[in-house]
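Colleague: structure.csv (CSV, C-alpha atoms) pasted underneath:
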```csv
chain,number,residue,atom,x,y,z
R,14,MET,CA,0.0,0.0,0.0
R,15,LYS,CA,1.3,3.4,-0.9
R,16,GLU,CA,2.0,5.6,2.1
R,17,ILE,CA,-0.6,8.2,2.9
R,18,ASN,CA,0.6,11.6,4.1
R,19,ASN,CA,-1.3,13.7,6.6
R,20,VAL,CA,-2.9,10.7,8.4
R,21,PRO,CA,-5.4,11.6,11.1
R,22,GLN,CA,-4.4,10.6,14.6
R,23,HIS,CA,-7.9,9.9,15.9
R,24,VAL,CA,-10.7,8.7,13.7
R,25,ALA,CA,-14.3,8.2,15.0
R,26,ILE,CA,-16.9,6.1,13.2
R,27,ILE,CA,-20.6,6.0,13.5
R,28,PRO,CA,-21.3,2.7,11.7
R,29,ASP,CA,-24.9,3.3,10.6
R,30,GLY,CA,-27.0,1.1,8.3
R,31,ASN,CA,-26.7,-2.4,9.5
R,32,ARG,CA,-30.4,-3.0,9.9
R,33,ARG,CA,-31.3,-1.3,6.5
R,34,TRP,CA,-28.5,-3.4,4.9
R,35,ALA,CA,-30.2,-6.6,6.2
R,36,LYS,CA,-33.7,-5.5,5.3
R,37,LYS,CA,-32.6,-4.8,1.7
R,38,ARG,CA,-31.4,-8.4,1.5
R,39,LYS,CA,-34.5,-9.8,3.3
R,40,LEU,CA,-32.3,-10.8,6.3
R,41,GLN,CA,-32.9,-10.5,10.0
R,42,PRO,CA,-31.6,-7.3,11.6
R,43,TRP,CA,-29.0,-9.1,13.7
R,44,GLU,CA,-27.5,-10.6,10.5
R,45,GLY,CA,-26.8,-7.0,9.6
R,46,HIS,CA,-25.1,-6.4,12.9
R,47,ASP,CA,-23.0,-9.5,12.4
R,48,ALA,CA,-21.9,-8.3,9.0
R,49,GLY,CA,-21.1,-4.9,10.5
R,50,ALA,CA,-18.9,-6.5,13.1
R,51,GLN,CA,-16.9,-8.2,10.4
R,52,ILE,CA,-16.3,-4.8,8.7
R,53,ILE,CA,-15.1,-3.4,12.1
R,54,GLU,CA,-12.5,-6.2,12.0
R,55,GLU,CA,-11.4,-5.1,8.5
R,56,ILE,CA,-11.3,-1.5,9.3
R,57,THR,CA,-9.3,-1.9,12.5
R,58,LYS,CA,-6.6,-3.8,10.6
R,59,LYS,CA,-6.5,-1.3,7.8
R,60,ALA,CA,-6.3,1.7,10.2
R,61,ARG,CA,-3.2,0.2,11.8
R,62,ASP,CA,-1.7,-0.4,8.4
R,63,ILE,CA,-2.3,3.3,7.5
R,64,GLY,CA,-0.9,4.5,10.8
R,65,ILE,CA,-4.0,5.6,12.7
R,66,LYS,CA,-3.3,5.4,16.4
R,67,TYR,CA,-6.8,6.0,17.8
R,68,LEU,CA,-9.9,4.4,16.3
R,69,SER,CA,-13.3,5.0,18.0
R,70,PHE,CA,-16.6,3.2,17.1
R,71,TRP,CA,-20.1,4.2,18.2
R,72,GLY,CA,-21.7,0.9,19.2
R,73,SER,CA,-25.0,1.8,20.8
R,74,SER,CA,-26.9,4.3,23.0
R,75,GLU,CA,-29.0,3.2,25.9
R,76,GLU,CA,-32.0,4.0,23.8
R,77,ASN,CA,-30.7,1.7,21.0
R,78,LEU,CA,-30.6,-1.2,23.4
R,79,GLN,CA,-34.0,-0.4,25.0
R,80,LYS,CA,-35.9,0.1,21.8
R,81,ARG,CA,-34.9,-3.2,20.1
R,82,SER,CA,-37.2,-6.2,20.3
R,83,PRO,CA,-36.2,-8.8,22.9
R,84,ARG,CA,-35.1,-11.1,20.1
R,85,GLU,CA,-32.9,-8.5,18.4
R,86,ARG,CA,-31.4,-7.4,21.6
R,87,ARG,CA,-30.4,-11.0,22.5
R,88,GLU,CA,-28.9,-11.5,19.1
R,89,LEU,CA,-27.1,-8.2,19.2
R,90,ILE,CA,-25.6,-9.1,22.6
R,91,ALA,CA,-24.5,-12.5,21.1
R,92,VAL,CA,-22.8,-10.6,18.3
R,93,TYR,CA,-21.0,-8.4,20.8
R,94,GLU,CA,-19.9,-11.5,22.8
R,95,LYS,CA,-18.7,-13.3,19.7
R,96,TYR,CA,-16.5,-10.5,18.3
R,97,PHE,CA,-15.2,-9.2,21.5
R,98,VAL,CA,-13.9,-12.7,22.5
R,99,LYS,CA,-12.4,-13.0,19.1
R,100,LEU,CA,-10.8,-9.6,19.4
R,101,ILE,CA,-9.3,-10.3,22.9
R,102,LYS,CA,-7.9,-13.6,21.8
R,103,SER,CA,-6.4,-12.2,18.6
R,104,GLU,CA,-2.6,-12.3,18.4
R,105,ASP,CA,-2.4,-8.8,17.0
R,106,ILE,CA,-3.8,-7.3,20.2
R,107,PHE,CA,-0.6,-8.4,22.0
R,108,THR,CA,2.0,-8.3,19.4
R,109,GLN,CA,1.0,-4.8,18.2
R,110,LYS,CA,0.2,-3.6,21.8
R,111,ILE,CA,-3.3,-2.5,21.1
R,112,ARG,CA,-5.4,-1.2,24.0
R,113,ILE,CA,-9.1,-1.9,24.2
R,114,ASN,CA,-11.3,0.8,25.8
R,115,VAL,CA,-15.0,0.7,26.4
R,116,LEU,CA,-16.9,3.8,27.3
R,117,GLY,CA,-20.5,4.4,28.3
R,118,ASN,CA,-22.9,2.9,30.8
R,119,TRP,CA,-22.3,-0.6,29.6
R,120,ARG,CA,-21.6,-2.0,33.1
R,121,THR,CA,-25.1,-1.4,34.2
R,122,GLN,CA,-26.9,-1.8,30.8
R,123,LEU,CA,-25.4,-5.0,29.4
R,124,PRO,CA,-25.7,-8.6,30.7
R,125,GLN,CA,-23.0,-9.7,33.2
R,126,LYS,CA,-21.5,-12.3,30.9
R,127,LEU,CA,-20.7,-9.6,28.3
R,128,VAL,CA,-19.6,-7.2,31.0
R,129,ARG,CA,-17.0,-9.8,32.2
R,130,ILE,CA,-15.8,-10.3,28.6
R,131,LEU,CA,-15.3,-6.5,28.1
R,132,GLU,CA,-13.6,-6.1,31.5
R,133,ASP,CA,-11.3,-9.0,30.6
R,134,GLY,CA,-10.3,-7.2,27.4
R,135,ILE,CA,-9.7,-3.9,29.2
R,136,ASN,CA,-7.6,-5.5,31.9
R,137,LYS,CA,-5.5,-7.6,29.6
R,138,THR,CA,-4.6,-4.6,27.4
R,139,LYS,CA,-4.4,-1.7,29.9
R,140,GLU,CA,-0.6,-1.4,29.6
R,141,HIS,CA,-0.6,-1.3,25.8
R,142,GLU,CA,0.4,2.0,24.2
R,143,SER,CA,0.9,1.5,20.5
R,144,TYR,CA,-2.7,1.6,19.2
R,145,PHE,CA,-6.1,2.3,20.9
R,146,ILE,CA,-9.5,0.8,19.8
R,147,ASN,CA,-12.4,2.5,21.6
R,148,PHE,CA,-16.0,1.2,21.7
R,149,PHE,CA,-18.9,3.4,22.9
R,150,LEU,CA,-21.6,1.1,24.3
R,151,ALA,CA,-24.8,2.2,26.1
R,152,TYR,CA,-23.4,5.7,25.6
R,153,SER,CA,-24.9,9.1,25.5
R,154,GLY,CA,-22.9,12.2,24.7
R,155,ASP,CA,-25.6,14.4,26.4
R,156,GLU,CA,-25.3,12.3,29.6
R,157,GLU,CA,-21.5,12.4,29.4
R,158,MET,CA,-21.5,16.2,29.3
R,159,LEU,CA,-24.1,16.6,32.0
R,160,ASN,CA,-22.1,14.3,34.3
R,161,ALA,CA,-19.0,16.3,33.6
R,162,ILE,CA,-20.7,19.6,34.5
R,163,ARG,CA,-22.1,18.2,37.7
R,164,SER,CA,-18.7,16.9,38.7
R,165,ILE,CA,-17.1,20.2,38.0
R,166,ALA,CA,-19.8,22.1,39.8
R,167,GLN,CA,-19.0,20.1,43.0
R,168,LYS,CA,-15.3,20.9,42.8
R,169,PHE,CA,-15.2,24.6,41.8
R,170,SER,CA,-16.7,27.5,43.6
R,171,SER,CA,-15.9,30.0,40.9
R,172,GLY,CA,-16.4,29.6,37.1
R,173,LYS,CA,-13.3,31.7,36.5
R,174,ASP,CA,-11.2,28.7,37.5
R,175,ILE,CA,-12.7,26.4,34.9
R,176,THR,CA,-10.7,25.9,31.7
R,177,LYS,CA,-11.1,23.8,28.6
R,178,GLU,CA,-8.6,21.4,30.2
R,179,THR,CA,-10.9,21.2,33.3
R,180,VAL,CA,-13.8,20.1,31.1
R,181,LYS,CA,-11.8,17.5,29.3
R,182,LYS,CA,-10.5,15.9,32.5
R,183,HIS,CA,-14.1,15.3,33.6
R,184,LEU,CA,-15.2,13.5,30.4
R,185,LEU,CA,-15.2,9.8,29.7
R,186,THR,CA,-12.8,10.5,26.9
R,187,LYS,CA,-10.3,12.3,29.2
R,188,ASP,CA,-7.5,10.0,28.1
R,189,LEU,CA,-8.2,10.3,24.3
R,190,PRO,CA,-7.1,13.1,22.0
R,191,SER,CA,-9.6,15.2,20.1
R,192,VAL,CA,-11.1,13.6,17.0
R,193,ASP,CA,-9.5,14.6,13.7
R,194,TYR,CA,-11.9,12.8,11.4
R,195,MET,CA,-15.4,11.6,12.0
R,196,ILE,CA,-17.0,9.2,9.5
R,197,ARG,CA,-20.7,8.3,9.4
R,198,THR,CA,-22.0,5.6,7.0
R,199,GLY,CA,-25.6,4.9,6.0
R,200,GLY,CA,-26.5,7.9,3.9
R,201,GLU,CA,-27.9,10.1,6.6
R,202,PRO,CA,-25.6,13.0,7.3
R,203,HIS,CA,-26.2,13.8,10.9
R,204,LEU,CA,-24.7,13.2,14.4
R,205,SER,CA,-26.1,10.8,17.0
R,206,ALA,CA,-27.0,11.4,20.7
R,207,GLY,CA,-24.2,14.0,21.2
R,208,PHE,CA,-21.6,11.5,20.2
R,209,MET,CA,-18.2,12.8,21.6
R,210,MET,CA,-19.6,16.3,21.3
R,211,TRP,CA,-16.6,18.0,23.0
R,212,ASP,CA,-14.1,16.0,21.1
R,213,ILE,CA,-15.5,16.5,17.6
R,214,ALA,CA,-15.6,20.3,17.8
R,215,ASN,CA,-12.9,20.7,15.2
R,216,ALA,CA,-13.2,17.4,13.4
R,217,GLN,CA,-13.4,17.0,9.7
R,218,LEU,CA,-16.6,15.2,8.7
R,219,PHE,CA,-17.1,12.4,6.1
R,220,PHE,CA,-20.5,11.0,5.2
R,221,SER,CA,-20.8,7.9,3.1
R,222,GLU,CA,-23.9,6.8,1.3
R,223,LYS,CA,-23.0,3.1,1.8
R,224,TYR,CA,-24.6,1.1,4.6
R,225,PHE,CA,-21.9,0.1,7.1
R,226,PRO,CA,-21.5,-3.6,6.0
R,227,ASP,CA,-20.6,-2.3,2.5
R,228,PHE,CA,-18.1,0.2,3.9
R,229,ASN,CA,-15.2,-2.1,3.6
R,230,GLU,CA,-11.5,-1.5,4.1
R,231,LYS,CA,-11.2,-0.1,0.5
R,232,GLU,CA,-13.9,2.5,1.2
R,233,PHE,CA,-12.3,3.3,4.5
R,234,GLU,CA,-9.0,3.9,2.8
R,235,LYS,CA,-10.7,6.2,0.2
R,236,ALA,CA,-12.1,8.2,3.1
R,237,ILE,CA,-8.7,8.6,4.7
R,238,LYS,CA,-7.1,9.6,1.4
R,239,GLU,CA,-9.8,12.3,1.1
R,240,TYR,CA,-8.9,13.6,4.6
R,241,ALA,CA,-5.2,13.7,3.6
R,242,HIS,CA,-6.0,16.2,0.9
R,243,ARG,CA,-8.1,18.5,3.0
R,244,LYS,CA,-6.8,21.6,4.7
R,245,ARG,CA,-7.6,22.1,8.4
R,246,ARG,CA,-7.8,25.9,9.0
R,247,LEU,CA,-9.1,25.7,12.6
R,248,GLY,CA,-10.5,29.2,12.3
R,249,ALA,CA,-7.5,30.7,10.6
```
As a first step, turn the structure in this file into structure tokens.

Modeller:
Amino acid sequence: MKEINNVPQHVAIIPDGNRRWAKKRKLQPWEGHDAGAQIIEEITKKARDIGIKYLSFWGSSEENLQKRSPRERRELIAVYEKYFVKLIKSEDIFTQKIRINVLGNWRTQLPQKLVRILEDGINKTKEHESYFINFFLAYSGDEEMLNAIRSIAQKFSSGKDITKETVKKHLLTKDLPSVDYMIRTGGEPHLSAGFMMWDIANAQLFFSEKYFPDFNEKEFEKAIKEYAHRKRRLGA
């Protein structure tokens, strides 16, 4: 692969369109989720090849989990279990020193079996520093910001002492850099539930018409190449 100049350090992806992809093919919704999980595998490998250090995926909001039918929710949880176990057991995680992060209210919203799997991945990779894969599960950006504000309000008597750094330190994403490039698939160009609202303030945006299971590693690479040719003025 030809080297890409001006590679973003942190790419965030909203992988939309799994259910519509399945419906179009007369498949069950969870078959779309399974196909999407396979694409996440492809993209994470391609991102490392390109040199992207931080890769973040929107997984689900609490509403996503609550509004699904019981059958779809069970099947979605099964997809999570299958692919997270596979990820944690993969040789690349350890040879390439990849850290797994999971952010959101997943510990209270997901079944305990899945919680234990996720905690196992976090604990086994917590010392890794080369690459970072971040999954947002049972996550709400609105709730993240509200919790940060409440926490700050308890610690500071004067607003004059509060800085941008103060806010960042109270977010779930406190250990992650700001997002350089945010990609959304599925043909609907909008954001979701305040996804990383503080961290995407200066991000470049990319909207793909393709449903996520069709957004393979080649499509991802095309998106990164487009970023490489953009100029980030940051208000200048």

Colleague: Show me the residues close to (-15.0, -8.6, 21.8) - anything with an atom within 10 Å, counting all atoms listed in the file - and format the list as a list of chain:residue names.

Modeller: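 Returned residue set, sorted by chain then number, is R:Ala50, R:Val92, R:Tyr93, R:Glu94, R:Lys95, R:Tyr96, R:Phe97, R:Val98, R:Lys99, R:Leu100, R:Ile101, R:Lys102, R:Ser103, R:Ile113, R:Leu127, R:Ile130, R:Leu131, R:Asp133, R:Gly134, R:Phe148.
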
Colleague: Could you check the closest approach to R:Lys187 for each of R:Ala91, R:Met209, R:Leu40, R:Ile53 and tell me which residue wins, using all atoms listed in the file?

Modeller: R:Met209

Colleague: Smallest atom-to-atom distance to R:Phe149: which of R:Arg129, R:Arg84, R:His203, R:Arg120, using all atoms listed in the file?

Modeller: R:Arg120

Colleague: Might you pull out every residue within 8 Å of R:Glu222, with all atoms listed in the file counted and same-chain residues fewer than 6 positions away left off, and present them as a list in words?

Modeller: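 Answer for this query is Thr198, Gly199, Gly200 and Glu201 of chain R.
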
Colleague: Looking at R:Asn31, R:Gln22, R:Asn229, R:Gln125, which one is nearest to R:Glu55, with distances taken over all atoms listed in the file?

Modeller: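 Ranking R:Asn31, R:Gln22, R:Asn229, R:Gln125 by distance to R:Glu55, first place goes to R:Asn229.
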
Colleague: List the spatial neighbours of R:Val192 as a PyMOL selection string - criterion: any atom at most 10 Å away, all atoms listed in the file, same-chain residues fewer than 3 positions off excluded.

Modeller: chain R and resi 21-25+67-69+189+195+209-217

Colleague: Given all atoms listed in the file as the basis, pick out the residue of R:Phe169, R:Tyr224, R:Phe219, R:Trp71 nearest to R:Gly45.

Modeller: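 Using all atoms listed in the file, R:Gly45 sits closest to R:Tyr224.
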
Colleague: Just want the 12 Å neighbourhood of R:Glu156, counted on all atoms listed in the file, with same-chain residues fewer than 5 positions away dropped. Output as a list in words.

Modeller: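 After dropping sequence-adjacent residues, the list is Ser74, Glu75, Gly117, Asn118, Ala151, Ala161, Ile162, Arg163, Leu184, Leu185, Ala206, Gly207, Phe208, Met209 and Met210 of chain R.
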
Colleague: May I ask for the distance between atom CA of R:Ile26 and atom CA of R:Thr179, given in Å to one decimal place?

Modeller: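 So the two atoms, atom CA of R:Ile26 and atom CA of R:Thr179, lie 25.8 Å apart.
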
Colleague: Could you name the residues that touch R:Gly30 at 12 Å or less, counting all atoms listed in the file, but leaving out those on the same chain fewer than 3 positions away, as a list in words?

Modeller: Ile27, Arg33, Trp34, Ala35, Lys36, Lys37, Pro42, Trp43, Glu44, Gly45, His46, Ala48, Gly49, Arg197, Thr198, Gly199, Gly200, Glu201, Ser221, Glu222, Lys223, Tyr224, Phe225, Pro226, Asp227 and Phe228 of chain R

Colleague: Using only C-alpha atoms, pick whichever of R:Ser153, R:Asn18, R:Ser191, R:Gln41 has the shortest atom-to-atom distance to R:Trp119.

Modeller: R:Ser153

Colleague: Of the residues R:Glu230, R:Val20, R:Gln122, R:Val180, which is the one nearest to R:Gln51, using all atoms listed in the file?

Modeller: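 So, comparing all the options, the nearest one is R:Glu230.
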
Colleague: Figure out the distance between atom CA of R:Phe233 and atom CA of R:Phe107, please, to one decimal in Å.

Modeller: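 Computed distance, atom CA of R:Phe107 to atom CA of R:Phe233, equals 24.1 Å.
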
Colleague: Report the distance between atom CA of R:Arg61 and atom CA of R:Asp29 in Å, rounded to one decimal place.

Modeller: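 If I compute the distance from atom CA of R:Arg61 to atom CA of R:Asp29, I get 22.0 Å.
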